[in-house]
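K.L.:
Dropping the structure in here first, questions after.
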Amino acid sequence: MLKKHKASLFYEKSDAFYFYISIKISTFESHKTKNAVYKVKFFKILLSTKTFILSKNALIFVFFLFLSFCFWCMQSMRKKYEVEVDVKINYTNVPIKNINIGDLPHTLSATLKEQGFYIFLYKRKELSIMLDFDNFSRNKFAYTATSDILQNALKDIVMQSTQITSITPGEISIKTVKKVGKKIPVRFGGSISFAQQYNQSDPIIITPKEVEVFGDQKILDTLQCIYTINKEYKNLKDSVNEKIKLDANGNISYAQSTVNITIPVERFTEQSVNVPVAGINIPENMTLRTFPANVSVSYFVNASKYGTTENIKVYADYNDIKGNKTGKLRLKTECKNPFIFNIRCQPAEVDFLLER
């Protein structure tokens, strides 16, 4: 009932609109101007369009037009076409001690001939093959994946009816090189940010700490450490424990491509302690006294280390007296604990007295 009501409203509105057009036509016909003649023709076209759109012939025409389009699509999909696609190359059993990883190509181009439907699928998805170095032909100069190896790898990922008309490059040849091995420390190469009131609670742990690296002796002699990929950890609230890839370097290769990284994270809190003020840079024949002798030090510390006061020191520097017109010394703080931060002294300045 609701659909019929909406339809009747549509036709009522359209009838009113075309009634308005009819009035306009009669108005223009009473004026024998050139512009009026054109406008009459335009509105007559609108009236004839209404008659066609509201007729059954229009629906029949649209139906057969759509049916023709479907038949055309079916015929097109049955035809065979040639298309060039990019294929990603993955490797297994790589002899990292004998080749440079940077020499390995990561893609090849293949021309495939197949029906339109399957060509559409090939273009939509990422194609990748796996090449096993154990199947490569080898001599003392190079490892080579022949055209047969590439053909067989492609046949494993395409339909049986698909013809592989060409592959570029026709074969893959990787030169052998002389390499030495050396264990080198691993460092985190990314960045970390924490959610509000959270912080790192302990040093980052990378396992293993060292990885065996293979390459030219001159290159290895210059390496102090190797890094993980530049991964960004944002708004951490929980500790991280996961595998992370090592940053690729074309001149060297690694005995393993990943390491395990642990980033301990926990809430921090505020703590206050009284700390004595010590003097520094004082001549041997002089004594520096401050008032007060102890100050309150506030700082943020991780919850698990609450109560930690070691390594927090407060200094009054004798060198700051020179040119001092205020009569007060601004205190300096020092803390070697990386998980104690935002240290503040109260008071920040103290009175002082020099004695010989």
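Naming works like this for the structure tokens: A, B, ... for the chains as they're shown, residue 1 at the start of each chain, ligands 1 onward in shown order.
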Tell me which protein, DNA and RNA residues are within 7 Å of Asn260 of chain A, counting only C-alpha atoms, leaving out same-chain ones fewer than 3 positions away, and put them as a ChimeraX atom specification.
P.N.:
/A:206-207,242-244
K.L.:
Write out as a list in words the residues lying within 6 Å of segment 175-186 of chain A, counting only C-alpha atoms and excluding same-chain residues fewer than 4 positions away.
P.N.:
Lys97, Asn98, Ile99, Phe141, Ala142, Lys209, Glu210, Val211, Glu212, Val213, Phe214, Gly215, Asp216, Cys225, Ile226 and Tyr227 of chain A
K.L.:
Produce a file of the selected residues containing all heavy atoms, as a compact mmCIF listing (two decimals), in the first residue's frame.
P.N.:
```
# COMPACT_ATOMS: atom_id res chain seq x y z
N LYS A 97 76.07 -17.38 3.10
CA LYS A 97 77.53 -17.27 3.22
C LYS A 97 78.21 -17.10 1.86
O LYS A 97 79.38 -16.74 1.81
CB LYS A 97 78.10 -18.51 3.92
CG LYS A 97 77.63 -18.67 5.35
CD LYS A 97 78.27 -19.90 5.99
CE LYS A 97 77.80 -20.08 7.42
NZ LYS A 97 78.42 -21.26 8.06
N ASN A 98 77.46 -17.38 0.78
CA ASN A 98 78.09 -17.40 -0.54
C ASN A 98 77.57 -16.35 -1.52
O ASN A 98 78.12 -16.20 -2.61
CB ASN A 98 77.92 -18.78 -1.18
CG ASN A 98 78.55 -19.87 -0.35
OD1 ASN A 98 79.60 -19.67 0.24
ND2 ASN A 98 77.90 -21.03 -0.30
N ILE A 99 76.50 -15.64 -1.16
CA ILE A 99 75.95 -14.62 -2.07
C ILE A 99 75.59 -13.36 -1.29
O ILE A 99 75.45 -13.40 -0.07
CB ILE A 99 74.69 -15.13 -2.82
CG1 ILE A 99 73.55 -15.37 -1.83
CG2 ILE A 99 74.99 -16.37 -3.62
CD1 ILE A 99 72.21 -15.60 -2.49
N PHE A 141 81.17 -19.94 -9.89
CA PHE A 141 80.98 -18.51 -10.14
C PHE A 141 79.57 -18.01 -9.81
O PHE A 141 79.40 -16.85 -9.48
CB PHE A 141 81.28 -18.20 -11.62
CG PHE A 141 82.68 -18.53 -12.04
CD1 PHE A 141 82.92 -19.59 -12.90
CD2 PHE A 141 83.75 -17.78 -11.55
CE1 PHE A 141 84.21 -19.89 -13.28
CE2 PHE A 141 85.04 -18.09 -11.94
CZ PHE A 141 85.28 -19.16 -12.81
N ALA A 142 78.55 -18.90 -9.93
CA ALA A 142 77.18 -18.40 -9.77
C ALA A 142 76.19 -19.51 -9.46
O ALA A 142 76.44 -20.69 -9.73
CB ALA A 142 76.75 -17.67 -11.05
N LYS A 209 71.26 -11.16 21.65
CA LYS A 209 71.91 -9.84 21.69
C LYS A 209 72.82 -9.62 20.48
O LYS A 209 73.03 -8.48 20.06
CB LYS A 209 72.74 -9.71 22.97
CG LYS A 209 71.91 -9.71 24.24
CD LYS A 209 72.80 -9.57 25.45
CE LYS A 209 71.97 -9.56 26.74
NZ LYS A 209 72.83 -9.43 27.94
N GLU A 210 73.37 -10.72 19.97
CA GLU A 210 74.27 -10.64 18.81
C GLU A 210 73.79 -11.61 17.72
O GLU A 210 73.21 -12.65 18.01
CB GLU A 210 75.70 -11.01 19.20
CG GLU A 210 76.33 -10.05 20.18
CD GLU A 210 77.75 -10.47 20.55
OE1 GLU A 210 78.02 -11.70 20.56
OE2 GLU A 210 78.57 -9.58 20.82
N VAL A 211 74.02 -11.21 16.47
CA VAL A 211 73.65 -12.04 15.33
C VAL A 211 74.89 -12.21 14.45
O VAL A 211 75.65 -11.26 14.25
CB VAL A 211 72.51 -11.39 14.52
CG1 VAL A 211 72.31 -12.08 13.18
CG2 VAL A 211 71.21 -11.43 15.31
N GLU A 212 75.06 -13.41 13.91
CA GLU A 212 76.19 -13.65 13.01
C GLU A 212 75.92 -12.99 11.66
O GLU A 212 74.87 -13.21 11.05
CB GLU A 212 76.45 -15.14 12.83
CG GLU A 212 77.76 -15.43 12.11
CD GLU A 212 78.16 -16.88 12.18
OE1 GLU A 212 77.32 -17.72 12.56
OE2 GLU A 212 79.32 -17.18 11.83
N VAL A 213 76.86 -12.16 11.25
CA VAL A 213 76.73 -11.39 10.01
C VAL A 213 77.82 -11.84 9.05
O VAL A 213 78.97 -12.04 9.44
CB VAL A 213 76.86 -9.88 10.29
CG1 VAL A 213 76.72 -9.07 9.01
CG2 VAL A 213 75.81 -9.44 11.31
N PHE A 214 77.46 -11.98 7.76
CA PHE A 214 78.41 -12.42 6.74
C PHE A 214 78.60 -11.31 5.71
O PHE A 214 77.65 -10.65 5.29
CB PHE A 214 77.89 -13.69 6.05
CG PHE A 214 77.66 -14.83 6.97
CD1 PHE A 214 76.40 -15.08 7.48
CD2 PHE A 214 78.71 -15.65 7.36
CE1 PHE A 214 76.18 -16.14 8.34
CE2 PHE A 214 78.50 -16.71 8.22
CZ PHE A 214 77.23 -16.96 8.72
N GLY A 215 79.85 -11.11 5.33
CA GLY A 215 80.14 -10.08 4.34
C GLY A 215 81.63 -9.96 4.12
O GLY A 215 82.45 -10.74 4.64
N ASP A 216 82.02 -8.95 3.37
CA ASP A 216 83.43 -8.67 3.13
C ASP A 216 84.11 -8.25 4.43
O ASP A 216 83.53 -7.53 5.24
CB ASP A 216 83.55 -7.56 2.08
CG ASP A 216 84.99 -7.33 1.67
OD1 ASP A 216 85.48 -8.02 0.77
OD2 ASP A 216 85.61 -6.43 2.27
N CYS A 225 77.49 -2.17 15.14
CA CYS A 225 76.24 -2.83 15.49
C CYS A 225 75.35 -2.87 14.25
O CYS A 225 75.64 -2.21 13.25
CB CYS A 225 75.52 -2.10 16.63
SG CYS A 225 75.01 -0.42 16.20
N ILE A 226 74.30 -3.67 14.31
CA ILE A 226 73.29 -3.69 13.26
C ILE A 226 71.95 -3.34 13.92
O ILE A 226 71.78 -3.47 15.13
CB ILE A 226 73.20 -5.06 12.56
CG1 ILE A 226 72.93 -6.18 13.57
CG2 ILE A 226 74.44 -5.34 11.76
CD1 ILE A 226 72.71 -7.54 12.95
N TYR A 227 71.00 -2.88 13.10
CA TYR A 227 69.74 -2.37 13.64
C TYR A 227 68.55 -3.18 13.15
O TYR A 227 68.59 -3.80 12.09
CB TYR A 227 69.55 -0.90 13.25
CG TYR A 227 70.51 0.03 13.95
CD1 TYR A 227 71.73 0.37 13.36
CD2 TYR A 227 70.21 0.55 15.19
CE1 TYR A 227 72.62 1.22 14.00
CE2 TYR A 227 71.08 1.41 15.84
CZ TYR A 227 72.28 1.74 15.24
OH TYR A 227 73.16 2.58 15.88
```
K.L.:
Do you know which residues are at most 7 Å from segment 315-330 of chain A counting only C-alpha atoms, after dropping those on the same chain fewer than 6 positions away, and could you put them as a PDB file with C-alpha atoms, in the first residue's frame?
P.N.:
```
ATOM      1  CA  VAL A 277      72.800  19.564  49.099  1.00  0.00           C
ATOM      2  CA  ALA A 278      76.434  18.913  48.186  1.00  0.00           C
ATOM      3  CA  GLY A 279      78.926  21.548  47.028  1.00  0.00           C
ATOM      4  CA  ILE A 280      81.014  21.114  43.893  1.00  0.00           C
ATOM      5  CA  ASN A 281      84.007  22.964  42.370  1.00  0.00           C
ATOM      6  CA  ILE A 282      84.873  24.443  45.797  1.00  0.00           C
ATOM      7  CA  ALA A 348      64.961  25.576  43.492  1.00  0.00           C
ATOM      8  CA  GLU A 349      67.401  28.209  44.939  1.00  0.00           C
ATOM      9  CA  VAL A 350      69.139  28.327  48.331  1.00  0.00           C
ATOM     10  CA  ASP A 351      70.992  30.884  50.413  1.00  0.00           C
ATOM     11  CA  PHE A 352      74.685  30.182  50.879  1.00  0.00           C
TER      12      PHE A 352
END
```
K.L.:
Grab the atom CA of Ile252 of chain A to atom CA of His106 of chain A distance for me, in Å with one decimal place.
P.N.:
17.0 Å
K.L.:
Could you give me, as a ChimeraX atom specification, the residues within 10 Å of segment 339-346 of chain A, counting only C-alpha atoms and dropping anything in the same chain fewer than 6 positions from it?
P.N.:
/A:199-203,268,270-275,294-302,305-306,308-309,311-312,314,330-333
K.L.:
Point out the residue among A:Glu114, A:Glu171, A:Asp132, A:Glu126 with the least atom-to-atom distance to Ala145 of chain A, counting only C-alpha atoms.
P.N.:
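When distances to Ala145 of chain A are compared using only C-alpha atoms, the smallest one comes from A:Glu171.
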K.L.:
If we count only C-alpha atoms, what is near Leu131 of chain A at a cut-off of 10 Å, once residues fewer than 4 positions away on the same chain are taken out, given as JSON, numbers by chain?
P.N.:
{"A": [89, 90, 91, 92, 93, 94, 135, 136, 145, 149, 150, 152, 153]}
K.L.:
Quick check for you: according to DSSP on this backbone, which residues of segment 89-318 of chain A are classed as helix (DSSP H, G or I)? Reply as an MDAnalysis selection string.
P.N.:
chainID A and resid 101:103 116:124 133:135 147:155 217:222 303:305 318
K.L.:
Please, could you write that set of residues out with N, CA and C atoms as a tab-separated table (two decimals), in the first residue's frame?
P.N.:
```tsv
chain	number	residue	atom	x	y	z
A	101	ILE	N	72.74	-10.84	-0.44
A	101	ILE	CA	71.28	-10.82	-0.46
A	101	ILE	C	70.76	-9.69	-1.36
A	102	GLY	N	71.51	-8.60	-1.41
A	102	GLY	CA	71.08	-7.47	-2.22
A	102	GLY	C	71.08	-7.76	-3.71
A	103	ASP	N	71.75	-8.84	-4.14
A	103	ASP	CA	71.78	-9.21	-5.56
A	103	ASP	C	70.53	-9.97	-6.00
A	116	GLY	N	39.20	-14.20	-20.41
A	116	GLY	CA	39.09	-12.89	-19.77
A	116	GLY	C	38.79	-12.95	-18.29
A	117	PHE	N	37.96	-13.92	-17.86
A	117	PHE	CA	37.61	-14.01	-16.44
A	117	PHE	C	38.85	-14.29	-15.59
A	118	TYR	N	39.69	-15.23	-16.01
A	118	TYR	CA	40.88	-15.57	-15.25
A	118	TYR	C	41.94	-14.47	-15.34
A	119	ILE	N	42.00	-13.80	-16.48
A	119	ILE	CA	42.90	-12.65	-16.60
A	119	ILE	C	42.52	-11.58	-15.58
A	120	PHE	N	41.21	-11.37	-15.43
A	120	PHE	CA	40.72	-10.41	-14.44
A	120	PHE	C	41.18	-10.81	-13.04
A	121	LEU	N	41.12	-12.10	-12.71
A	121	LEU	CA	41.55	-12.58	-11.39
A	121	LEU	C	43.06	-12.39	-11.20
A	122	TYR	N	43.84	-12.69	-12.26
A	122	TYR	CA	45.28	-12.53	-12.16
A	122	TYR	C	45.67	-11.08	-11.90
A	123	LYS	N	44.94	-10.15	-12.52
A	123	LYS	CA	45.25	-8.73	-12.34
A	123	LYS	C	44.84	-8.23	-10.96
A	124	ARG	N	43.86	-8.91	-10.36
A	124	ARG	CA	43.33	-8.45	-9.09
A	124	ARG	C	44.19	-8.90	-7.90
A	133	PHE	N	66.80	-22.56	-3.56
A	133	PHE	CA	68.19	-22.55	-4.03
A	133	PHE	C	68.76	-23.95	-4.18
A	134	ASP	N	68.16	-24.92	-3.51
A	134	ASP	CA	68.64	-26.30	-3.66
A	134	ASP	C	68.40	-26.82	-5.08
A	135	ASN	N	67.46	-26.18	-5.80
A	135	ASN	CA	67.16	-26.59	-7.17
A	135	ASN	C	67.95	-25.80	-8.21
A	147	SER	N	65.33	-21.25	-17.03
A	147	SER	CA	63.97	-20.94	-17.49
A	147	SER	C	62.99	-22.04	-17.11
A	148	ASP	N	63.47	-23.29	-17.09
A	148	ASP	CA	62.59	-24.41	-16.70
A	148	ASP	C	62.16	-24.28	-15.25
A	149	ILE	N	63.10	-23.87	-14.39
A	149	ILE	CA	62.77	-23.68	-12.97
A	149	ILE	C	61.72	-22.58	-12.80
A	150	LEU	N	61.90	-21.50	-13.54
A	150	LEU	CA	60.94	-20.38	-13.46
A	150	LEU	C	59.58	-20.79	-14.02
A	151	GLN	N	59.59	-21.52	-15.14
A	151	GLN	CA	58.34	-22.00	-15.74
A	151	GLN	C	57.57	-22.89	-14.76
A	152	ASN	N	58.27	-23.83	-14.15
A	152	ASN	CA	57.61	-24.76	-13.22
A	152	ASN	C	57.06	-24.02	-12.00
A	153	ALA	N	57.82	-23.02	-11.52
A	153	ALA	CA	57.34	-22.25	-10.37
A	153	ALA	C	56.07	-21.47	-10.72
A	154	LEU	N	56.00	-20.93	-11.94
A	154	LEU	CA	54.81	-20.21	-12.38
A	154	LEU	C	53.62	-21.14	-12.59
A	155	LYS	N	53.88	-22.33	-13.13
A	155	LYS	CA	52.79	-23.28	-13.36
A	155	LYS	C	52.11	-23.69	-12.06
A	217	GLN	N	85.34	-8.69	4.63
A	217	GLN	CA	86.06	-8.40	5.87
A	217	GLN	C	86.15	-6.91	6.14
A	218	LYS	N	86.39	-6.10	5.10
A	218	LYS	CA	86.53	-4.65	5.29
A	218	LYS	C	85.22	-4.03	5.78
A	219	ILE	N	84.10	-4.54	5.27
A	219	ILE	CA	82.80	-4.01	5.70
A	219	ILE	C	82.52	-4.40	7.14
A	220	LEU	N	82.79	-5.66	7.49
A	220	LEU	CA	82.52	-6.12	8.86
A	220	LEU	C	83.38	-5.39	9.88
A	221	ASP	N	84.58	-5.01	9.49
A	221	ASP	CA	85.47	-4.30	10.42
A	221	ASP	C	84.92	-2.92	10.79
A	222	THR	N	84.09	-2.35	9.93
A	222	THR	CA	83.54	-1.01	10.21
A	222	THR	C	82.22	-1.07	10.97
A	303	ALA	N	56.15	2.54	38.72
A	303	ALA	CA	55.49	2.02	39.92
A	303	ALA	C	56.30	0.91	40.58
A	304	SER	N	56.92	0.04	39.80
A	304	SER	CA	57.67	-1.08	40.37
A	304	SER	C	58.95	-0.61	41.07
A	305	LYS	N	59.38	0.62	40.80
A	305	LYS	CA	60.61	1.13	41.40
A	305	LYS	C	60.32	2.25	42.40
A	318	TYR	N	79.97	26.06	43.10
A	318	TYR	CA	80.73	27.25	43.50
A	318	TYR	C	80.95	28.20	42.32
```
K.L.:
Rounded to one decimal, what separation in Å do you get between atom CA of Met130 of chain A and atom CA of Lys88 of chain A?
P.N.:
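Separation between atom CA of Met130 of chain A and atom CA of Lys88 of chain A: 8.7 Å.
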